[in-house]
Structures are given as C-alpha cells and as structure tokens.
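Worksheet: one structure, shown below.
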Amino acid sequence: MNRLSFIFFLFAFSAFAQGNKIDSVIKKQIEEYNSSFASAFIKGSRGDLVKAYTDQTIFMPEHSRQRVGRKAIEDFYKQWLTQAKIVSYERKNLELQDFGNYILEIGTFDETLNLTEQNPFSYIGKYAVLWKKPSQRSLPLTIAAEIWGSSSNFDDRNIPNIDDSSVPETEVYSVSDKLASEIKERNKTIKEFVQNRQGAEHAKMFMPDAMYLTYYTPILSGEKEITDYFIEHEKPGTLSIDKISILTSGIIYARTAIIEFGFYSVDWHDGENHGNVKGKSMNVWKKDNDGTLLLFRQIVNHD
C-alpha cells in the first residue's frame with residue numbers, strides 16, 4: 001500500500017465519527033466566491049472569473065470537453081462571453097462535504113443568457129466544485145475541479161458553441177496502486193451492468209445516502225431515488241449498447257474520500273437509430289463498513 005492509500009485508510013473511520021462539520025470561515029469564503037463569480041459573469045470580467053482556478057484545475061463543462069488549467073478555462077469563458085450576454089446568474093449552495101484537505105460543494109445554478117438574435121434562455125442545472133484547502137489558513141481556497149449540467153433536456157443551440165479543437169485529448173490515468181485498481185474493477189462492473197441493462201444492480205454501486213447528479217435530470221438523493229432512476233434508465237428493451245468504455249483520467253486522494261475523474265464513450269442502437277455519446281464525471285468513492293468501495297457522490301455530463 002502506498003503512502004496516499006495509507007493516509008486515506010488512516011483518516012476514514014475517524015472522520016465518520018466526527019461527522020461533517022464545516023468550518024464557518026470556509027463556508028463564508030465559498031459563499032462570497034459564489035457571489036463575486038455571479039457578479040463577474042454578468043459583467044463579463046474574465047480575469048475575476050478565473051481567479052480561484054490553478055494550472056492543475058480539472059474543468060468539466062457540459063457539452064464541451066474536459067479542460068485542465070487556468071489558461072484553458074479562461075479560453076472557455078472567453079468563448080462563452082463572446083457569444084452570449086449573461087442577463088442573470090445565481091448559485092445556491094445545497095451541501096458542503098468536508099473531506100479533510102478538500103471540500104466538496106454541491107448546488108444548483110440559474111443562468112439567463114442571450115445569444116445573438118435569440119430570446120433569453122433559462123439555463124438551469126446543478127453543479128459540483130471540489131475546493132482545495134490552503135496550506136495556511138490565511139490563504140484562499142482554490143478550485144481543484146468543477147463540473148455542471150442541466151437539470152432537464154434542452155436544445156444546445158441556446159448556449160454558446162464552444163470550439164474544443166485546441167484542447168488536448170483526455171488521457172487515461174496511468175498510476176496503478178491498490179485503490180486505483182479497485183476503482184478500475186468497480187468501473188468494469190458498472191460497464192457490465194450498463195451493457196446488460198441491469199439498472200437495479202447498477203444502483204447498488206451507490207451508498208444508501210448517495211447523491212447522483214446525472215445529465216438532464218434534477219439531483220437524485222438517497223437509495224430510492226437513485227434505484228428508481230436506474231431501473232427506468234437501464235431497463236431491458238429495444239435499445240442495445242454495442243460498445244462502452246469507462247476510463248479514469250485522474251484521482252485525488254482526499255483524507256476521507258477518493259475523488260476520481262472519469263470519461264466514457266457509448267455506442268448504441270435502437271432499431272434503425274444509432275449513435276455515440278461521450279461524457280465525463282466526477283466520482284466520489286468511499287468505503288462502507290465492510291470495506292467495499294461505493295459511490296458517495298457522482299456528477300456526470302455529456303461532452
């Protein structure tokens with residue numbers, strides 16, 4: 001077991017006992033950031049929009065490819081703001097999870113934007129931000145990763161068309177320690193459940209108190225909502241999965257959770273209809289009382 005894996009196991013059970021207490025200073029800082037981000041977005045101040053990102057930030061926008069680093073993220077916002085006028089923007093923080101050296105924020109957003117010669121469009125969805133705590137309390141939080149997606153199906157002609165041609169292809173995570181191997185096996189199992197249309201079994205990959213933020217759907221919370229979703233979404237029928245890949249692009253070992261960044265590709269057909277869907281995810285894994293790795297929070301969107 002490597003040092004990072006040892007640290008994870010060392011702190012995991014003590015954290016469960018302590019509960020999920022959020023430092024009031026950190027909570028206030030996140031609230032202030034969300035307010036300042038909304039103001040900068042509406043004003044079109046790109047410099048203020050990217051101030052919390054670093055050269056290592058993993059950025060996962062909906063209907064666009066994964067980007068890494070402040071420069072690539074600033075390019076995304078440049079394209080967005082060149083094509084759209086932001087009429088209003090608001091984030092509502094629903095949950096903060098303290099993982100020791102990282103904080104996971106989950107919430108909803110409401111954006112009204114105008115593309116050229118179009119009526120205002122209400123882009124409403126949910127988001128997750130993984131905040132990295134600073135080495136010194138006096139320093140600000142930084143964003144380690146961010147992902148978002150709409151809460152309902154929508155016509156993507158209502159949002160900016162982002163050119164990803166300069167964005168490098170997402171690479172497969174090459175480190176092979178014990179926990180990374182466990183995650184790989186878990187993803188292999190999920191792949192089989194999806195391909196075989198075993199929704200009820202897929203749902204068992206989540207903890208009872210899990211949250212699932214998937215594409216074009218409101219936030220799903222708890223065992224019943226997640227199980228009902230997968231039973232319906234992956235029910236046997238005329239749709240068939242011809243080919244599927246679920247891969248890992250990176251892993252962050254927080255003290256009380258493992259955060260995996262994934263990307264997928266699915267070839268499907270339904271009668272004469274067929275297609276390919278690509279996307280990405282932020283997956284928060286934890287061990288249950290039996291030591292089984294399960295999904296605690298998962299956020300997914302399409303490229």
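Naming scheme: A, B, ... for chains in displayed order of the structure tokens; residues 1 onward per chain; ligands 1 onward as shown.
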Would you give me, as a tab-separated table, each residue of region 88-128 of chain A having an atom within 6 Å of an atom of region 145-150 of chain A, along with its shortest atom pair and that distance in Å to one decimal, using only C-alpha atoms and sorting by chain and residue number?
residue	atom	partner	partner_atom	distance
A:Ile124	CA	A:Ser150	CA	5.7
A:Gly125	CA	A:Ser150	CA	3.9
A:Lys126	CA	A:Trp148	CA	5.7
A:Tyr127	CA	A:Trp148	CA	4.1
A:Ala128	CA	A:Ile147	CA	5.5
Those same residues - N, CA and C atoms - I'd like them written as a PDB file, in the first residue's frame.
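The resulting file, again_16.pdb, is shown below:
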ATOM      1  N   ILE A 124     -30.831  26.131 -16.474  1.00  0.00           N
ATOM      2  CA  ILE A 124     -30.997  25.789 -15.060  1.00  0.00           C
ATOM      3  C   ILE A 124     -30.420  24.396 -14.816  1.00  0.00           C
ATOM      4  N   GLY A 125     -29.591  24.269 -13.792  1.00  0.00           N
ATOM      5  CA  GLY A 125     -28.982  22.975 -13.546  1.00  0.00           C
ATOM      6  C   GLY A 125     -28.354  22.839 -12.182  1.00  0.00           C
ATOM      7  N   LYS A 126     -27.418  21.904 -12.087  1.00  0.00           N
ATOM      8  CA  LYS A 126     -26.744  21.635 -10.819  1.00  0.00           C
ATOM      9  C   LYS A 126     -25.240  21.575 -11.069  1.00  0.00           C
ATOM     10  N   TYR A 127     -24.468  21.734 -10.006  1.00  0.00           N
ATOM     11  CA  TYR A 127     -23.019  21.799 -10.168  1.00  0.00           C
ATOM     12  C   TYR A 127     -22.328  21.168  -8.971  1.00  0.00           C
ATOM     13  N   ALA A 128     -21.049  20.892  -9.133  1.00  0.00           N
ATOM     14  CA  ALA A 128     -20.202  20.450  -8.026  1.00  0.00           C
ATOM     15  C   ALA A 128     -18.832  21.102  -8.185  1.00  0.00           C
TER      16      ALA A 128
END
Problem set entry | Nearby residues (only C-alpha atoms) at most 7 Å from region 31-38 of chain A, same-chain spacing under 3 positions excluded, as an MDAnalysis selection string | chainID A and resid 27:28 41:42 49 89:91
For this session: Within 9 Å of Thr142 (chain A), counting only C-alpha atoms, which residues show up once you throw out same-chain ones fewer than 2 positions away? Write them as a ChimeraX atom specification, please.
Result: /A:51-54,57,130-134,140,144
Exercise. Could you work out how far CA of Met205 (chain A) lies from CA of Ile106 (chain A), giving the answer in Å with one decimal?
Worked result: 20.3 Å
Exercise. Quick one: DSSP alpha helix (DSSP H) residues in region 130-252 of chain A, as a VMD selection string?
Worked result: chain A and resid 178 to 195 199 to 203 222 to 233
Grab the residues selected above and save them as a short mmCIF file (atom, residue, chain, number, x, y, z; two decimals), in the first residue's frame with N, CA and C atoms.
data_model
loop_
_atom_site.label_atom_id
_atom_site.label_comp_id
_atom_site.auth_asym_id
_atom_site.auth_seq_id
_atom_site.Cartn_x
_atom_site.Cartn_y
_atom_site.Cartn_z
N LYS A 178 -3.19 0.24 -5.24
CA LYS A 178 -4.28 -0.65 -4.83
C LYS A 178 -5.66 0.00 -5.03
N LEU A 179 -5.80 1.25 -4.60
CA LEU A 179 -7.10 1.90 -4.70
C LEU A 179 -7.47 2.19 -6.15
N ALA A 180 -6.50 2.60 -6.94
CA ALA A 180 -6.78 2.84 -8.36
C ALA A 180 -7.23 1.55 -9.04
N SER A 181 -6.61 0.44 -8.68
CA SER A 181 -7.01 -0.86 -9.24
C SER A 181 -8.42 -1.24 -8.81
N GLU A 182 -8.77 -0.94 -7.55
CA GLU A 182 -10.13 -1.20 -7.07
C GLU A 182 -11.15 -0.39 -7.86
N ILE A 183 -10.83 0.88 -8.11
CA ILE A 183 -11.74 1.74 -8.87
C ILE A 183 -11.91 1.20 -10.28
N LYS A 184 -10.82 0.76 -10.88
CA LYS A 184 -10.87 0.19 -12.23
C LYS A 184 -11.81 -1.02 -12.27
N GLU A 185 -11.74 -1.87 -11.25
CA GLU A 185 -12.61 -3.04 -11.18
C GLU A 185 -14.06 -2.64 -10.97
N ARG A 186 -14.30 -1.61 -10.16
CA ARG A 186 -15.65 -1.11 -9.93
C ARG A 186 -16.24 -0.58 -11.24
N ASN A 187 -15.42 0.15 -12.01
CA ASN A 187 -15.90 0.68 -13.29
C ASN A 187 -16.17 -0.44 -14.29
N LYS A 188 -15.38 -1.48 -14.22
CA LYS A 188 -15.61 -2.64 -15.09
C LYS A 188 -16.97 -3.27 -14.79
N THR A 189 -17.30 -3.35 -13.50
CA THR A 189 -18.60 -3.89 -13.09
C THR A 189 -19.74 -3.00 -13.56
N ILE A 190 -19.58 -1.68 -13.40
CA ILE A 190 -20.60 -0.73 -13.86
C ILE A 190 -20.80 -0.86 -15.37
N LYS A 191 -19.72 -0.98 -16.09
CA LYS A 191 -19.79 -1.14 -17.55
C LYS A 191 -20.65 -2.35 -17.91
N GLU A 192 -20.45 -3.45 -17.21
CA GLU A 192 -21.23 -4.67 -17.48
C GLU A 192 -22.71 -4.46 -17.16
N PHE A 193 -23.00 -3.77 -16.05
CA PHE A 193 -24.40 -3.51 -15.70
C PHE A 193 -25.08 -2.65 -16.75
N VAL A 194 -24.39 -1.62 -17.24
CA VAL A 194 -24.97 -0.74 -18.26
C VAL A 194 -25.21 -1.52 -19.55
N GLN A 195 -24.23 -2.28 -19.96
CA GLN A 195 -24.34 -3.01 -21.22
C GLN A 195 -25.44 -4.08 -21.16
N GLY A 199 -30.24 -2.22 -14.29
CA GLY A 199 -30.34 -0.97 -13.54
C GLY A 199 -30.35 -1.16 -12.04
N ALA A 200 -31.08 -2.15 -11.56
CA ALA A 200 -31.18 -2.37 -10.11
C ALA A 200 -29.82 -2.72 -9.52
N GLU A 201 -29.04 -3.51 -10.25
CA GLU A 201 -27.70 -3.87 -9.79
C GLU A 201 -26.76 -2.67 -9.85
N HIS A 202 -26.89 -1.87 -10.88
CA HIS A 202 -26.08 -0.66 -11.00
C HIS A 202 -26.30 0.25 -9.80
N ALA A 203 -27.54 0.39 -9.38
CA ALA A 203 -27.88 1.27 -8.25
C ALA A 203 -27.20 0.83 -6.95
N GLY A 222 -30.42 9.73 -2.24
CA GLY A 222 -30.83 8.56 -1.48
C GLY A 222 -31.09 7.33 -2.32
N GLU A 223 -31.19 6.21 -1.63
CA GLU A 223 -31.29 4.91 -2.27
C GLU A 223 -32.50 4.76 -3.19
N LYS A 224 -33.67 5.22 -2.74
CA LYS A 224 -34.89 5.01 -3.53
C LYS A 224 -34.85 5.80 -4.84
N GLU A 225 -34.50 7.09 -4.78
CA GLU A 225 -34.49 7.91 -5.99
C GLU A 225 -33.47 7.39 -6.99
N ILE A 226 -32.31 7.00 -6.50
CA ILE A 226 -31.26 6.51 -7.40
C ILE A 226 -31.64 5.16 -8.00
N THR A 227 -32.20 4.28 -7.18
CA THR A 227 -32.63 2.96 -7.68
C THR A 227 -33.73 3.11 -8.72
N ASP A 228 -34.74 3.92 -8.41
CA ASP A 228 -35.84 4.14 -9.37
C ASP A 228 -35.31 4.66 -10.70
N TYR A 229 -34.34 5.58 -10.63
CA TYR A 229 -33.77 6.15 -11.86
C TYR A 229 -33.11 5.07 -12.70
N PHE A 230 -32.25 4.27 -12.09
CA PHE A 230 -31.50 3.28 -12.87
C PHE A 230 -32.40 2.16 -13.40
N ILE A 231 -33.41 1.77 -12.63
CA ILE A 231 -34.34 0.74 -13.12
C ILE A 231 -35.04 1.21 -14.39
N GLU A 232 -35.43 2.48 -14.42
CA GLU A 232 -36.10 3.03 -15.59
C GLU A 232 -35.10 3.31 -16.71
N HIS A 233 -33.96 3.92 -16.38
CA HIS A 233 -32.99 4.35 -17.39
C HIS A 233 -32.31 3.17 -18.08
#
For this session: For Gly44 (chain A), list every protein, DNA or RNA residue within 10 Å, evaluated using only C-alpha atoms, and leave out those in the same chain fewer than 3 positions away; present the list as a VMD selection string.
Result: chain A and resid 38 to 41 47 to 49 77 to 78 80 to 82 84 to 86
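Take the candidates A:Ser138, A:Ser165, A:Asn276, A:Thr214 and check each one against Ser240 (chain A) using only C-alpha atoms; the shortest distance goes to A:Asn276.
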Exercise. If you run DSSP on the backbone, which residues of region 106-283 of chain A are strand (DSSP E), as an MDAnalysis selection string?
Worked result: chainID A and resid 106:115 121:132 142:150 206:213 220:221 239:253 258:270 273:283
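Within the 12 Å cut-off around Asp23 (chain A), using only C-alpha atoms and omitting residues fewer than 4 positions from it on the same chain, the listed residues are A:Lys27, A:Lys28, A:Gln29, A:Ile30, A:Leu96, A:Gln97, A:Asp98, A:Phe99, A:Gly100, A:Tyr102, A:Ile103, A:Lys133, A:Arg137.
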For this session: Can you pull out every residue within 12 Å of region 65-72 of chain A, counting only C-alpha atoms, but drop anything in the same chain fewer than 2 positions away, and send it as number ranges by chain?
Result: A: 46-63, 74-79, 142-148, 161-171, 249-250, 261-264, 278-282, 300-303
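Residue nearest Leu113 (chain A) within the list A:Gly291, A:Pro236, A:Gly275, A:Pro160: A:Pro160 [criterion: smallest interatomic distance, only C-alpha atoms].
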Seminar exercise, completed: Shortest contact to Leu239 (chain A), candidates A:Trp268, A:Phe206, A:Phe296, A:Tyr212, atoms counted only C-alpha atoms, goes to A:Trp268
Exercise. Any idea what the distance is between CA of Glu111 (chain A) and CA of Asn283 (chain A)?
Worked result: 25.0 Å
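Considering the residues A:Val129, A:Ile259, A:Leu294, A:Val25 and counting only C-alpha atoms, Thr108 (chain A) has its shortest atom-to-atom contact with A:Val129.
Nearest residue to Tyr173 (chain A) among A:Ala210, A:Ile244, A:Ile252, A:Ile26 is A:Ile252, counting only C-alpha atoms.
Across the model, the gap from CA of Ser152 (chain A) to CA of Tyr215 (chain A) is 7.7 Å.
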